[in-house]
Each structure stands twice: as C-alpha cells, then as structure tokens.
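Asker: To be precise about what I am sending: the file is called protein_0.cif and holds mmCIF, N, CA and C atoms.
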data_upload
loop_
_atom_site.group_PDB
_atom_site.id
_atom_site.type_symbol
_atom_site.label_atom_id
_atom_site.label_comp_id
_atom_site.auth_asym_id
_atom_site.auth_seq_id
_atom_site.Cartn_x
_atom_site.Cartn_y
_atom_site.Cartn_z
ATOM 1 N N MET A 1 -21.871 -25.420 -3.573
ATOM 2 C CA MET A 1 -20.489 -25.008 -3.477
ATOM 3 C C MET A 1 -20.394 -23.683 -2.742
ATOM 4 N N ALA A 2 -19.298 -23.539 -2.034
ATOM 5 C CA ALA A 2 -19.080 -22.292 -1.316
ATOM 6 C C ALA A 2 -18.554 -21.228 -2.260
ATOM 7 N N LYS A 3 -19.039 -20.055 -2.055
ATOM 8 C CA LYS A 3 -18.605 -18.938 -2.888
ATOM 9 C C LYS A 3 -17.232 -18.471 -2.420
ATOM 10 N N GLN A 4 -16.293 -18.358 -3.362
ATOM 11 C CA GLN A 4 -14.934 -17.942 -3.021
ATOM 12 C C GLN A 4 -14.840 -16.428 -3.117
ATOM 13 N N ILE A 5 -14.271 -15.845 -2.076
ATOM 14 C CA ILE A 5 -14.072 -14.400 -2.055
ATOM 15 C C ILE A 5 -12.597 -14.140 -2.288
ATOM 16 N N SER A 6 -12.315 -13.420 -3.331
ATOM 17 C CA SER A 6 -10.916 -13.139 -3.644
ATOM 18 C C SER A 6 -10.449 -11.922 -2.850
ATOM 19 N N LYS A 7 -9.183 -11.954 -2.518
ATOM 20 C CA LYS A 7 -8.593 -10.833 -1.795
ATOM 21 C C LYS A 7 -8.365 -9.683 -2.763
ATOM 22 N N PRO A 8 -8.556 -8.468 -2.311
ATOM 23 C CA PRO A 8 -8.311 -7.338 -3.216
ATOM 24 C C PRO A 8 -6.824 -7.218 -3.517
ATOM 25 N N ASP A 9 -6.531 -6.835 -4.730
ATOM 26 C CA ASP A 9 -5.138 -6.648 -5.130
ATOM 27 C C ASP A 9 -4.649 -5.285 -4.642
ATOM 28 N N PHE A 10 -3.507 -5.316 -3.971
ATOM 29 C CA PHE A 10 -2.897 -4.081 -3.507
ATOM 30 C C PHE A 10 -1.765 -3.725 -4.449
ATOM 31 N N ASN A 11 -1.629 -2.466 -4.712
ATOM 32 C CA ASN A 11 -0.494 -2.085 -5.546
ATOM 33 C C ASN A 11 0.758 -1.971 -4.684
ATOM 34 N N GLU A 12 1.884 -1.716 -5.327
ATOM 35 C CA GLU A 12 3.171 -1.685 -4.637
ATOM 36 C C GLU A 12 3.212 -0.633 -3.528
ATOM 37 N N LYS A 13 2.659 0.531 -3.765
ATOM 38 C CA LYS A 13 2.714 1.626 -2.790
ATOM 39 C C LYS A 13 1.968 1.259 -1.517
ATOM 40 N N GLU A 14 0.805 0.640 -1.641
ATOM 41 C CA GLU A 14 0.046 0.271 -0.456
ATOM 42 C C GLU A 14 0.770 -0.793 0.346
ATOM 43 N N ASN A 15 1.431 -1.738 -0.307
ATOM 44 C CA ASN A 15 2.203 -2.756 0.402
ATOM 45 C C ASN A 15 3.364 -2.139 1.164
ATOM 46 N N SER A 16 4.044 -1.188 0.552
ATOM 47 C CA SER A 16 5.155 -0.550 1.246
ATOM 48 C C SER A 16 4.655 0.291 2.419
ATOM 49 N N ASP A 17 3.455 0.879 2.296
ATOM 50 C CA ASP A 17 2.881 1.633 3.410
ATOM 51 C C ASP A 17 2.577 0.716 4.582
ATOM 52 N N ILE A 18 2.077 -0.480 4.289
ATOM 53 C CA ILE A 18 1.768 -1.435 5.353
ATOM 54 C C ILE A 18 3.048 -1.867 6.055
ATOM 55 N N GLU A 19 4.116 -2.145 5.281
ATOM 56 C CA GLU A 19 5.390 -2.532 5.885
ATOM 57 C C GLU A 19 5.965 -1.381 6.701
ATOM 58 N N GLN A 20 5.866 -0.169 6.189
ATOM 59 C CA GLN A 20 6.369 1.000 6.910
ATOM 60 C C GLN A 20 5.572 1.232 8.192
ATOM 61 N N GLU A 21 4.288 0.949 8.167
ATOM 62 C CA GLU A 21 3.453 1.132 9.350
ATOM 63 C C GLU A 21 3.885 0.192 10.467
ATOM 64 N N LYS A 22 4.290 -1.026 10.131
ATOM 65 C CA LYS A 22 4.769 -1.962 11.144
ATOM 66 C C LYS A 22 6.031 -1.426 11.802
ATOM 67 N N TYR A 23 6.906 -0.795 11.010
ATOM 68 C CA TYR A 23 8.137 -0.235 11.551
ATOM 69 C C TYR A 23 7.844 0.923 12.486
ATOM 70 N N SER A 24 6.856 1.709 12.163
ATOM 71 C CA SER A 24 6.586 2.905 12.950
ATOM 72 C C SER A 24 5.607 2.658 14.100
ATOM 73 N N GLU A 25 5.339 1.398 14.431
ATOM 74 C CA GLU A 25 4.462 1.115 15.560
ATOM 75 C C GLU A 25 5.087 1.562 16.879
ATOM 76 N N PHE A 26 6.409 1.512 16.957
ATOM 77 C CA PHE A 26 7.088 1.920 18.173
ATOM 78 C C PHE A 26 7.179 3.437 18.208
ATOM 79 N N PRO A 27 6.880 4.040 19.352
ATOM 80 C CA PRO A 27 6.916 5.506 19.407
ATOM 81 C C PRO A 27 8.337 6.058 19.319
ATOM 82 N N LEU A 28 9.324 5.332 19.820
ATOM 83 C CA LEU A 28 10.708 5.786 19.769
ATOM 84 C C LEU A 28 11.538 4.754 19.014
ATOM 85 N N VAL A 29 12.366 5.228 18.103
ATOM 86 C CA VAL A 29 13.227 4.343 17.323
ATOM 87 C C VAL A 29 14.681 4.672 17.621
ATOM 88 N N LYS A 30 15.589 4.039 16.914
ATOM 89 C CA LYS A 30 17.013 4.130 17.209
ATOM 90 C C LYS A 30 17.526 5.570 17.230
ATOM 91 N N ILE A 31 17.134 6.372 16.264
ATOM 92 C CA ILE A 31 17.624 7.755 16.200
ATOM 93 C C ILE A 31 17.181 8.557 17.418
ATOM 94 N N ASN A 32 15.992 8.266 17.951
ATOM 95 C CA ASN A 32 15.532 8.962 19.150
ATOM 96 C C ASN A 32 16.458 8.678 20.326
ATOM 97 N N PHE A 33 16.861 7.427 20.481
ATOM 98 C CA PHE A 33 17.733 7.070 21.598
ATOM 99 C C PHE A 33 19.131 7.660 21.438
ATOM 100 N N ILE A 34 19.617 7.734 20.202
ATOM 101 C CA ILE A 34 20.921 8.360 19.964
ATOM 102 C C ILE A 34 20.866 9.842 20.322
ATOM 103 N N LEU A 35 19.823 10.521 19.869
ATOM 104 C CA LEU A 35 19.675 11.947 20.181
ATOM 105 C C LEU A 35 19.480 12.182 21.679
ATOM 106 N N MET A 36 18.740 11.293 22.346
ATOM 107 C CA MET A 36 18.548 11.437 23.793
ATOM 108 C C MET A 36 19.859 11.225 24.538
ATOM 109 N N GLY A 37 20.711 10.315 24.060
ATOM 110 C CA GLY A 37 22.016 10.108 24.678
ATOM 111 C C GLY A 37 22.904 11.333 24.548
ATOM 112 N N CYS A 38 22.900 11.946 23.357
ATOM 113 C CA CYS A 38 23.681 13.182 23.156
ATOM 114 C C CYS A 38 23.159 14.306 24.046
ATOM 115 N N SER A 39 21.850 14.389 24.190
ATOM 116 C CA SER A 39 21.250 15.409 25.052
ATOM 117 C C SER A 39 21.627 15.189 26.507
ATOM 118 N N ALA A 40 21.625 13.944 26.941
ATOM 119 C CA ALA A 40 22.006 13.634 28.322
ATOM 120 C C ALA A 40 23.463 14.010 28.575
ATOM 121 N N LEU A 41 24.326 13.772 27.598
ATOM 122 C CA LEU A 41 25.726 14.172 27.755
ATOM 123 C C LEU A 41 25.868 15.686 27.850
ATOM 124 N N MET A 42 25.063 16.424 27.090
ATOM 125 C CA MET A 42 25.084 17.889 27.194
ATOM 126 C C MET A 42 24.653 18.345 28.581
ATOM 127 N N ILE A 43 23.616 17.725 29.129
ATOM 128 C CA ILE A 43 23.135 18.094 30.459
ATOM 129 C C ILE A 43 24.206 17.810 31.509
ATOM 130 N N ILE A 44 24.823 16.643 31.417
ATOM 131 C CA ILE A 44 25.868 16.273 32.381
ATOM 132 C C ILE A 44 27.050 17.223 32.274
ATOM 133 N N LEU A 45 27.467 17.561 31.043
ATOM 134 C CA LEU A 45 28.568 18.498 30.851
ATOM 135 C C LEU A 45 28.239 19.869 31.445
ATOM 136 N N GLY A 46 27.011 20.317 31.248
ATOM 137 C CA GLY A 46 26.599 21.604 31.816
ATOM 138 C C GLY A 46 26.690 21.612 33.331
ATOM 139 N N PHE A 47 26.227 20.540 33.972
ATOM 140 C CA PHE A 47 26.295 20.486 35.435
ATOM 141 C C PHE A 47 27.723 20.350 35.936
ATOM 142 N N ILE A 48 28.582 19.670 35.184
ATOM 143 C CA ILE A 48 29.994 19.588 35.580
ATOM 144 C C ILE A 48 30.634 20.979 35.514
ATOM 145 N N LEU A 49 30.304 21.743 34.468
ATOM 146 C CA LEU A 49 30.848 23.105 34.365
ATOM 147 C C LEU A 49 30.312 24.009 35.460
ATOM 148 N N ILE A 50 29.081 23.803 35.873
ATOM 149 C CA ILE A 50 28.504 24.602 36.956
ATOM 150 C C ILE A 50 29.179 24.282 38.284
ATOM 151 N N ALA A 51 29.541 23.020 38.505
ATOM 152 C CA ALA A 51 30.071 22.575 39.798
ATOM 153 C C ALA A 51 31.377 23.289 40.155
ATOM 154 N N GLY A 52 32.398 23.175 39.335
ATOM 155 C CA GLY A 52 33.666 23.861 39.591
ATOM 156 C C GLY A 52 34.244 23.537 40.960
ATOM 157 N N GLY A 53 35.142 24.420 41.447
ATOM 158 C CA GLY A 53 35.757 24.251 42.758
ATOM 159 C C GLY A 53 34.896 24.831 43.867
ATOM 160 N N SER A 54 35.237 24.480 45.084
ATOM 161 C CA SER A 54 34.440 24.948 46.219
ATOM 162 C C SER A 54 35.191 26.043 46.991
ATOM 163 N N THR A 55 34.493 26.691 47.908
ATOM 164 C CA THR A 55 35.066 27.712 48.770
ATOM 165 C C THR A 55 35.318 27.099 50.145
ATOM 166 N N ASP A 56 36.502 27.360 50.692
ATOM 167 C CA ASP A 56 36.830 26.864 52.036
ATOM 168 C C ASP A 56 36.187 27.759 53.084
ATOM 169 N N ASP A 57 36.210 27.297 54.331
ATOM 170 C CA ASP A 57 35.650 28.092 55.420
ATOM 171 C C ASP A 57 36.445 29.382 55.657
ATOM 172 N N ASN A 58 37.752 29.317 55.487
ATOM 173 C CA ASN A 58 38.601 30.460 55.812
ATOM 174 C C ASN A 58 38.870 31.381 54.630
ATOM 175 N N THR A 59 38.807 30.876 53.407
ATOM 176 C CA THR A 59 39.142 31.695 52.235
ATOM 177 C C THR A 59 37.988 31.689 51.243
ATOM 178 N N PHE A 60 37.869 32.793 50.530
ATOM 179 C CA PHE A 60 36.834 32.928 49.512
ATOM 180 C C PHE A 60 37.442 32.622 48.148
ATOM 181 N N ASN A 61 36.764 31.820 47.357
ATOM 182 C CA ASN A 61 37.219 31.471 46.018
ATOM 183 C C ASN A 61 36.451 32.326 45.009
ATOM 184 N N PRO A 62 37.113 33.276 44.346
ATOM 185 C CA PRO A 62 36.399 34.148 43.403
ATOM 186 C C PRO A 62 35.923 33.419 42.143
ATOM 187 N N ASP A 63 36.362 32.191 41.923
ATOM 188 C CA ASP A 63 35.906 31.425 40.757
ATOM 189 C C ASP A 63 34.426 31.050 40.850
ATOM 190 N N VAL A 64 33.813 31.286 41.993
ATOM 191 C CA VAL A 64 32.384 31.017 42.136
ATOM 192 C C VAL A 64 31.602 31.876 41.150
ATOM 193 N N PHE A 65 32.102 33.057 40.836
ATOM 194 C CA PHE A 65 31.417 33.980 39.938
ATOM 195 C C PHE A 65 32.043 34.024 38.544
ATOM 196 N N SER A 66 32.760 32.965 38.155
ATOM 197 C CA SER A 66 33.385 32.955 36.836
ATOM 198 C C SER A 66 32.323 32.792 35.737
ATOM 199 N N VAL A 67 32.685 33.176 34.525
ATOM 200 C CA VAL A 67 31.762 33.105 33.388
ATOM 201 C C VAL A 67 31.381 31.652 33.097
ATOM 202 N N THR A 68 32.328 30.758 33.283
ATOM 203 C CA THR A 68 32.044 29.344 33.025
ATOM 204 C C THR A 68 30.940 28.825 33.940
ATOM 205 N N ARG A 69 30.999 29.198 35.198
ATOM 206 C CA ARG A 69 30.010 28.682 36.156
ATOM 207 C C ARG A 69 28.679 29.414 36.117
ATOM 208 N N THR A 70 28.678 30.664 35.700
ATOM 209 C CA THR A 70 27.434 31.432 35.739
ATOM 210 C C THR A 70 26.734 31.553 34.391
ATOM 211 N N VAL A 71 27.467 31.387 33.281
ATOM 212 C CA VAL A 71 26.852 31.570 31.962
ATOM 213 C C VAL A 71 26.955 30.311 31.102
ATOM 214 N N ILE A 72 28.160 29.828 30.885
ATOM 215 C CA ILE A 72 28.377 28.732 29.935
ATOM 216 C C ILE A 72 27.761 27.427 30.424
ATOM 217 N N GLY A 73 28.013 27.061 31.669
ATOM 218 C CA GLY A 73 27.465 25.815 32.223
ATOM 219 C C GLY A 73 25.938 25.761 32.198
ATOM 220 N N PRO A 74 25.267 26.779 32.740
ATOM 221 C CA PRO A 74 23.799 26.761 32.697
ATOM 222 C C PRO A 74 23.230 26.790 31.279
ATOM 223 N N THR A 75 23.912 27.492 30.372
ATOM 224 C CA THR A 75 23.433 27.546 28.989
ATOM 225 C C THR A 75 23.516 26.179 28.336
ATOM 226 N N ILE A 76 24.623 25.477 28.531
ATOM 227 C CA ILE A 76 24.770 24.134 27.952
ATOM 228 C C ILE A 76 23.752 23.182 28.563
ATOM 229 N N ALA A 77 23.534 23.256 29.878
ATOM 230 C CA ALA A 77 22.543 22.393 30.515
ATOM 231 C C ALA A 77 21.137 22.690 29.989
ATOM 232 N N PHE A 78 20.792 23.957 29.854
ATOM 233 C CA PHE A 78 19.475 24.332 29.327
ATOM 234 C C PHE A 78 19.288 23.837 27.901
ATOM 235 N N LEU A 79 20.307 24.032 27.059
ATOM 236 C CA LEU A 79 20.222 23.545 25.683
ATOM 237 C C LEU A 79 20.114 22.017 25.635
ATOM 238 N N GLY A 80 20.733 21.337 26.602
ATOM 239 C CA GLY A 80 20.599 19.888 26.698
ATOM 240 C C GLY A 80 19.172 19.469 27.007
ATOM 241 N N PHE A 81 18.502 20.217 27.901
ATOM 242 C CA PHE A 81 17.107 19.910 28.208
ATOM 243 C C PHE A 81 16.198 20.178 27.008
ATOM 244 N N VAL A 82 16.463 21.250 26.288
ATOM 245 C CA VAL A 82 15.687 21.546 25.080
ATOM 246 C C VAL A 82 15.920 20.459 24.034
ATOM 247 N N ALA A 83 17.183 20.059 23.859
ATOM 248 C CA ALA A 83 17.514 19.008 22.897
ATOM 249 C C ALA A 83 16.865 17.681 23.290
ATOM 250 N N MET A 84 16.703 17.429 24.583
ATOM 251 C CA MET A 84 16.039 16.199 25.030
ATOM 252 C C MET A 84 14.585 16.193 24.576
ATOM 253 N N GLY A 85 13.913 17.321 24.685
ATOM 254 C CA GLY A 85 12.530 17.411 24.209
ATOM 255 C C GLY A 85 12.435 17.191 22.710
ATOM 256 N N VAL A 86 13.380 17.771 21.971
ATOM 257 C CA VAL A 86 13.399 17.578 20.517
ATOM 258 C C VAL A 86 13.682 16.122 20.183
ATOM 259 N N ALA A 87 14.594 15.496 20.921
ATOM 260 C CA ALA A 87 14.942 14.096 20.659
ATOM 261 C C ALA A 87 13.759 13.167 20.893
ATOM 262 N N ILE A 88 12.955 13.458 21.882
ATOM 263 C CA ILE A 88 11.797 12.614 22.163
ATOM 264 C C ILE A 88 10.737 12.770 21.083
ATOM 265 N N MET A 89 10.563 13.978 20.561
ATOM 266 C CA MET A 89 9.526 14.226 19.568
ATOM 267 C C MET A 89 9.979 14.011 18.130
ATOM 268 N N TRP A 90 11.247 13.708 17.903
ATOM 269 C CA TRP A 90 11.799 13.578 16.558
ATOM 270 C C TRP A 90 11.113 12.447 15.802
ATOM 271 N N ARG A 91 10.708 12.710 14.572
ATOM 272 C CA ARG A 91 10.107 11.720 13.686
ATOM 273 C C ARG A 91 10.884 11.684 12.384
ATOM 274 N N LYS A 92 11.068 10.501 11.850
ATOM 275 C CA LYS A 92 11.722 10.359 10.552
ATOM 276 C C LYS A 92 10.757 10.813 9.471
ATOM 277 N N HIS A 93 11.238 11.649 8.569
ATOM 278 C CA HIS A 93 10.391 12.169 7.495
ATOM 279 C C HIS A 93 10.273 11.123 6.384
ATOM 280 N N LYS A 94 9.068 10.962 5.856
ATOM 281 C CA LYS A 94 8.835 10.016 4.765
ATOM 282 C C LYS A 94 9.281 10.646 3.457
ATOM 283 N N LYS A 95 9.956 9.833 2.644
ATOM 284 C CA LYS A 95 10.374 10.286 1.317
ATOM 285 C C LYS A 95 9.325 9.852 0.319
ATOM 286 N N ASP A 96 8.773 10.798 -0.404
ATOM 287 C CA ASP A 96 7.745 10.483 -1.408
ATOM 288 C C ASP A 96 8.350 10.317 -2.772
#
I need this file expressed as structure tokens, please.
Answerer:
Amino acid sequence: MAKQISKPDFNEKENSDIEQEKYSEFPLVKINFILMGCSALMIILGFILIAGGSTDDNTFNPDVFSVTRTVIGPTIAFLGFVAMGVAIMWRKHKKD
C-alpha cells in the first residue's frame, strides 16, 4: 500500500495571510491609481496657472511677473510631482 501523506493543518491566520498575499501580488492597486490621478490633476493645474496670458509684439503684459505665474503655479506643479512619487510608493497598511 502507498503511504498517505497528510497535508499540514494551517490555522486561520496563515490562511488569511495566503489570501492577502494573492491580493498584494500586483505592485499597484486601486488606491495608487486614484492618488496618481489626483497628482496628475495637480500638475496640470500648476502648468495652467503658469501659462497665463501672453505678451504681444507691441505691448508688454506685466502679468508675466504676477504671483500666480511665478509662485503659486510652480509650487502646485512641484507638489503634484512630489505627490506622484508618494502615490506610486503608497502601500496599504496591514491591520493586526
């Protein structure tokens, strides 16, 4: 007769770890994509604020040096790029 080898019994915690491991096989999950979308919108908004109006050949537009175009727009775009890095590296914390 062939010798039967029984499977080891796993407790509940180990089974849930195995199921959780299958979920975390993907490097990016839904929350990462949501955060990346918000970051992309911040970057786009920053560049729109930087763009502003243009200067004609005959007249100078002093709005080129406005606070919105020189400080607020670049700051929002920079924060969007930083948020994009955070969104890519974001991991869901395990509850023990």
Asker: Just give me the gap between atom CA of A:Thr59 and atom CA of A:Gly73 in Å, one decimal is fine.
Answerer: 23.9 Å
Asker: Which distance in Å separates atom CA of A:Leu49 and atom CA of A:Arg69, to one decimal?
Answerer: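 Distance reported for this atom pair: 5.9 Å.
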Asker: Atom CA of A:Met42 and atom CA of A:Ala77 are how many Å apart?
Answerer: 6.1 Å
Asker: For a quick check of understanding, using only C-alpha atoms, which of A:Phe65, A:Phe47, A:Phe26, A:Phe60 has the smallest distance to A:Phe81?
Answerer: A:Phe47
Asker: Near A:Gly46, counting all atoms listed in the file, which residues have an atom at most 7 Å away, once you skip same-chain residues fewer than 5 positions from it, shown as a PyMOL selection string?
Answerer: chain A and resi 41+51+72-78
Asker: Write the residues of the preceding selection, restricted to N, CA and C atoms, as an mmCIF file, keeping the file's coordinate frame.
Answerer:
data_model
loop_
_atom_site.group_PDB
_atom_site.id
_atom_site.type_symbol
_atom_site.label_atom_id
_atom_site.label_comp_id
_atom_site.auth_asym_id
_atom_site.auth_seq_id
_atom_site.Cartn_x
_atom_site.Cartn_y
_atom_site.Cartn_z
ATOM 1 N N LEU A 41 24.326 13.772 27.598
ATOM 2 C CA LEU A 41 25.726 14.172 27.755
ATOM 3 C C LEU A 41 25.868 15.686 27.850
ATOM 4 N N ALA A 51 29.541 23.020 38.505
ATOM 5 C CA ALA A 51 30.071 22.575 39.798
ATOM 6 C C ALA A 51 31.377 23.289 40.155
ATOM 7 N N ILE A 72 28.160 29.828 30.885
ATOM 8 C CA ILE A 72 28.377 28.732 29.935
ATOM 9 C C ILE A 72 27.761 27.427 30.424
ATOM 10 N N GLY A 73 28.013 27.061 31.669
ATOM 11 C CA GLY A 73 27.465 25.815 32.223
ATOM 12 C C GLY A 73 25.938 25.761 32.198
ATOM 13 N N PRO A 74 25.267 26.779 32.740
ATOM 14 C CA PRO A 74 23.799 26.761 32.697
ATOM 15 C C PRO A 74 23.230 26.790 31.279
ATOM 16 N N THR A 75 23.912 27.492 30.372
ATOM 17 C CA THR A 75 23.433 27.546 28.989
ATOM 18 C C THR A 75 23.516 26.179 28.336
ATOM 19 N N ILE A 76 24.623 25.477 28.531
ATOM 20 C CA ILE A 76 24.770 24.134 27.952
ATOM 21 C C ILE A 76 23.752 23.182 28.563
ATOM 22 N N ALA A 77 23.534 23.256 29.878
ATOM 23 C CA ALA A 77 22.543 22.393 30.515
ATOM 24 C C ALA A 77 21.137 22.690 29.989
ATOM 25 N N PHE A 78 20.792 23.957 29.854
ATOM 26 C CA PHE A 78 19.475 24.332 29.327
ATOM 27 C C PHE A 78 19.288 23.837 27.901
#
Asker: Quick one: residues within 6.5 Å of stretch 83-90 of chain A, all atoms listed in the file counted, chain neighbours fewer than 2 positions away excluded, as a list in words?
Answerer: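 Listing them by chain and then by number gives Asn32, Leu35, Met36, Ser39, Ala40, Phe78, Leu79, Gly80, Phe81 and Lys92 of chain A.
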Asker: When DSSP works through the backbone of this structure, what residues of stretch 28-75 of chain A end up as alpha helix (DSSP H), shown as a list in words?
Answerer: Lys30, Ile31, Asn32, Phe33, Ile34, Leu35, Met36, Gly37, Cys38, Ser39, Ala40, Leu41, Met42, Ile43, Ile44, Leu45, Gly46, Phe47, Ile48, Leu49, Ile50, Ala51, Val67, Gly73, Pro74 and Thr75 of chain A
Asker: Create the file for the chosen residues now, containing N, CA and C atoms and written as a PDB file, keeping the file's coordinate frame.
Answerer:
ATOM      1  N   LYS A  30      15.589   4.039  16.914  1.00  0.00           N
ATOM      2  CA  LYS A  30      17.013   4.130  17.209  1.00  0.00           C
ATOM      3  C   LYS A  30      17.526   5.570  17.230  1.00  0.00           C
ATOM      4  N   ILE A  31      17.134   6.372  16.264  1.00  0.00           N
ATOM      5  CA  ILE A  31      17.624   7.755  16.200  1.00  0.00           C
ATOM      6  C   ILE A  31      17.181   8.557  17.418  1.00  0.00           C
ATOM      7  N   ASN A  32      15.992   8.266  17.951  1.00  0.00           N
ATOM      8  CA  ASN A  32      15.532   8.962  19.150  1.00  0.00           C
ATOM      9  C   ASN A  32      16.458   8.678  20.326  1.00  0.00           C
ATOM     10  N   PHE A  33      16.861   7.427  20.481  1.00  0.00           N
ATOM     11  CA  PHE A  33      17.733   7.070  21.598  1.00  0.00           C
ATOM     12  C   PHE A  33      19.131   7.660  21.438  1.00  0.00           C
ATOM     13  N   ILE A  34      19.617   7.734  20.202  1.00  0.00           N
ATOM     14  CA  ILE A  34      20.921   8.360  19.964  1.00  0.00           C
ATOM     15  C   ILE A  34      20.866   9.842  20.322  1.00  0.00           C
ATOM     16  N   LEU A  35      19.823  10.521  19.869  1.00  0.00           N
ATOM     17  CA  LEU A  35      19.675  11.947  20.181  1.00  0.00           C
ATOM     18  C   LEU A  35      19.480  12.182  21.679  1.00  0.00           C
ATOM     19  N   MET A  36      18.740  11.293  22.346  1.00  0.00           N
ATOM     20  CA  MET A  36      18.548  11.437  23.793  1.00  0.00           C
ATOM     21  C   MET A  36      19.859  11.225  24.538  1.00  0.00           C
ATOM     22  N   GLY A  37      20.711  10.315  24.060  1.00  0.00           N
ATOM     23  CA  GLY A  37      22.016  10.108  24.678  1.00  0.00           C
ATOM     24  C   GLY A  37      22.904  11.333  24.548  1.00  0.00           C
ATOM     25  N   CYS A  38      22.900  11.946  23.357  1.00  0.00           N
ATOM     26  CA  CYS A  38      23.681  13.182  23.156  1.00  0.00           C
ATOM     27  C   CYS A  38      23.159  14.306  24.046  1.00  0.00           C
ATOM     28  N   SER A  39      21.850  14.389  24.190  1.00  0.00           N
ATOM     29  CA  SER A  39      21.250  15.409  25.052  1.00  0.00           C
ATOM     30  C   SER A  39      21.627  15.189  26.507  1.00  0.00           C
ATOM     31  N   ALA A  40      21.625  13.944  26.941  1.00  0.00           N
ATOM     32  CA  ALA A  40      22.006  13.634  28.322  1.00  0.00           C
ATOM     33  C   ALA A  40      23.463  14.010  28.575  1.00  0.00           C
ATOM     34  N   LEU A  41      24.326  13.772  27.598  1.00  0.00           N
ATOM     35  CA  LEU A  41      25.726  14.172  27.755  1.00  0.00           C
ATOM     36  C   LEU A  41      25.868  15.686  27.850  1.00  0.00           C
ATOM     37  N   MET A  42      25.063  16.424  27.090  1.00  0.00           N
ATOM     38  CA  MET A  42      25.084  17.889  27.194  1.00  0.00           C
ATOM     39  C   MET A  42      24.653  18.345  28.581  1.00  0.00           C
ATOM     40  N   ILE A  43      23.616  17.725  29.129  1.00  0.00           N
ATOM     41  CA  ILE A  43      23.135  18.094  30.459  1.00  0.00           C
ATOM     42  C   ILE A  43      24.206  17.810  31.509  1.00  0.00           C
ATOM     43  N   ILE A  44      24.823  16.643  31.417  1.00  0.00           N
ATOM     44  CA  ILE A  44      25.868  16.273  32.381  1.00  0.00           C
ATOM     45  C   ILE A  44      27.050  17.223  32.274  1.00  0.00           C
ATOM     46  N   LEU A  45      27.467  17.561  31.043  1.00  0.00           N
ATOM     47  CA  LEU A  45      28.568  18.498  30.851  1.00  0.00           C
ATOM     48  C   LEU A  45      28.239  19.869  31.445  1.00  0.00           C
ATOM     49  N   GLY A  46      27.011  20.317  31.248  1.00  0.00           N
ATOM     50  CA  GLY A  46      26.599  21.604  31.816  1.00  0.00           C
ATOM     51  C   GLY A  46      26.690  21.612  33.331  1.00  0.00           C
ATOM     52  N   PHE A  47      26.227  20.540  33.972  1.00  0.00           N
ATOM     53  CA  PHE A  47      26.295  20.486  35.435  1.00  0.00           C
ATOM     54  C   PHE A  47      27.723  20.350  35.936  1.00  0.00           C
ATOM     55  N   ILE A  48      28.582  19.670  35.184  1.00  0.00           N
ATOM     56  CA  ILE A  48      29.994  19.588  35.580  1.00  0.00           C
ATOM     57  C   ILE A  48      30.634  20.979  35.514  1.00  0.00           C
ATOM     58  N   LEU A  49      30.304  21.743  34.468  1.00  0.00           N
ATOM     59  CA  LEU A  49      30.848  23.105  34.365  1.00  0.00           C
ATOM     60  C   LEU A  49      30.312  24.009  35.460  1.00  0.00           C
ATOM     61  N   ILE A  50      29.081  23.803  35.873  1.00  0.00           N
ATOM     62  CA  ILE A  50      28.504  24.602  36.956  1.00  0.00           C
ATOM     63  C   ILE A  50      29.179  24.282  38.284  1.00  0.00           C
ATOM     64  N   ALA A  51      29.541  23.020  38.505  1.00  0.00           N
ATOM     65  CA  ALA A  51      30.071  22.575  39.798  1.00  0.00           C
ATOM     66  C   ALA A  51      31.377  23.289  40.155  1.00  0.00           C
ATOM     67  N   VAL A  67      32.685  33.176  34.525  1.00  0.00           N
ATOM     68  CA  VAL A  67      31.762  33.105  33.388  1.00  0.00           C
ATOM     69  C   VAL A  67      31.381  31.652  33.097  1.00  0.00           C
ATOM     70  N   GLY A  73      28.013  27.061  31.669  1.00  0.00           N
ATOM     71  CA  GLY A  73      27.465  25.815  32.223  1.00  0.00           C
ATOM     72  C   GLY A  73      25.938  25.761  32.198  1.00  0.00           C
ATOM     73  N   PRO A  74      25.267  26.779  32.740  1.00  0.00           N
ATOM     74  CA  PRO A  74      23.799  26.761  32.697  1.00  0.00           C
ATOM     75  C   PRO A  74      23.230  26.790  31.279  1.00  0.00           C
ATOM     76  N   THR A  75      23.912  27.492  30.372  1.00  0.00           N
ATOM     77  CA  THR A  75      23.433  27.546  28.989  1.00  0.00           C
ATOM     78  C   THR A  75      23.516  26.179  28.336  1.00  0.00           C
TER      79      THR A  75
END
Asker: Between A:Phe33, A:Glu25, A:Gly52, A:Arg91, which is the closest to A:Val64 once you count only N, CA and C atoms?
Answerer: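 Distance minimum relative to A:Val64 lands on A:Gly52.
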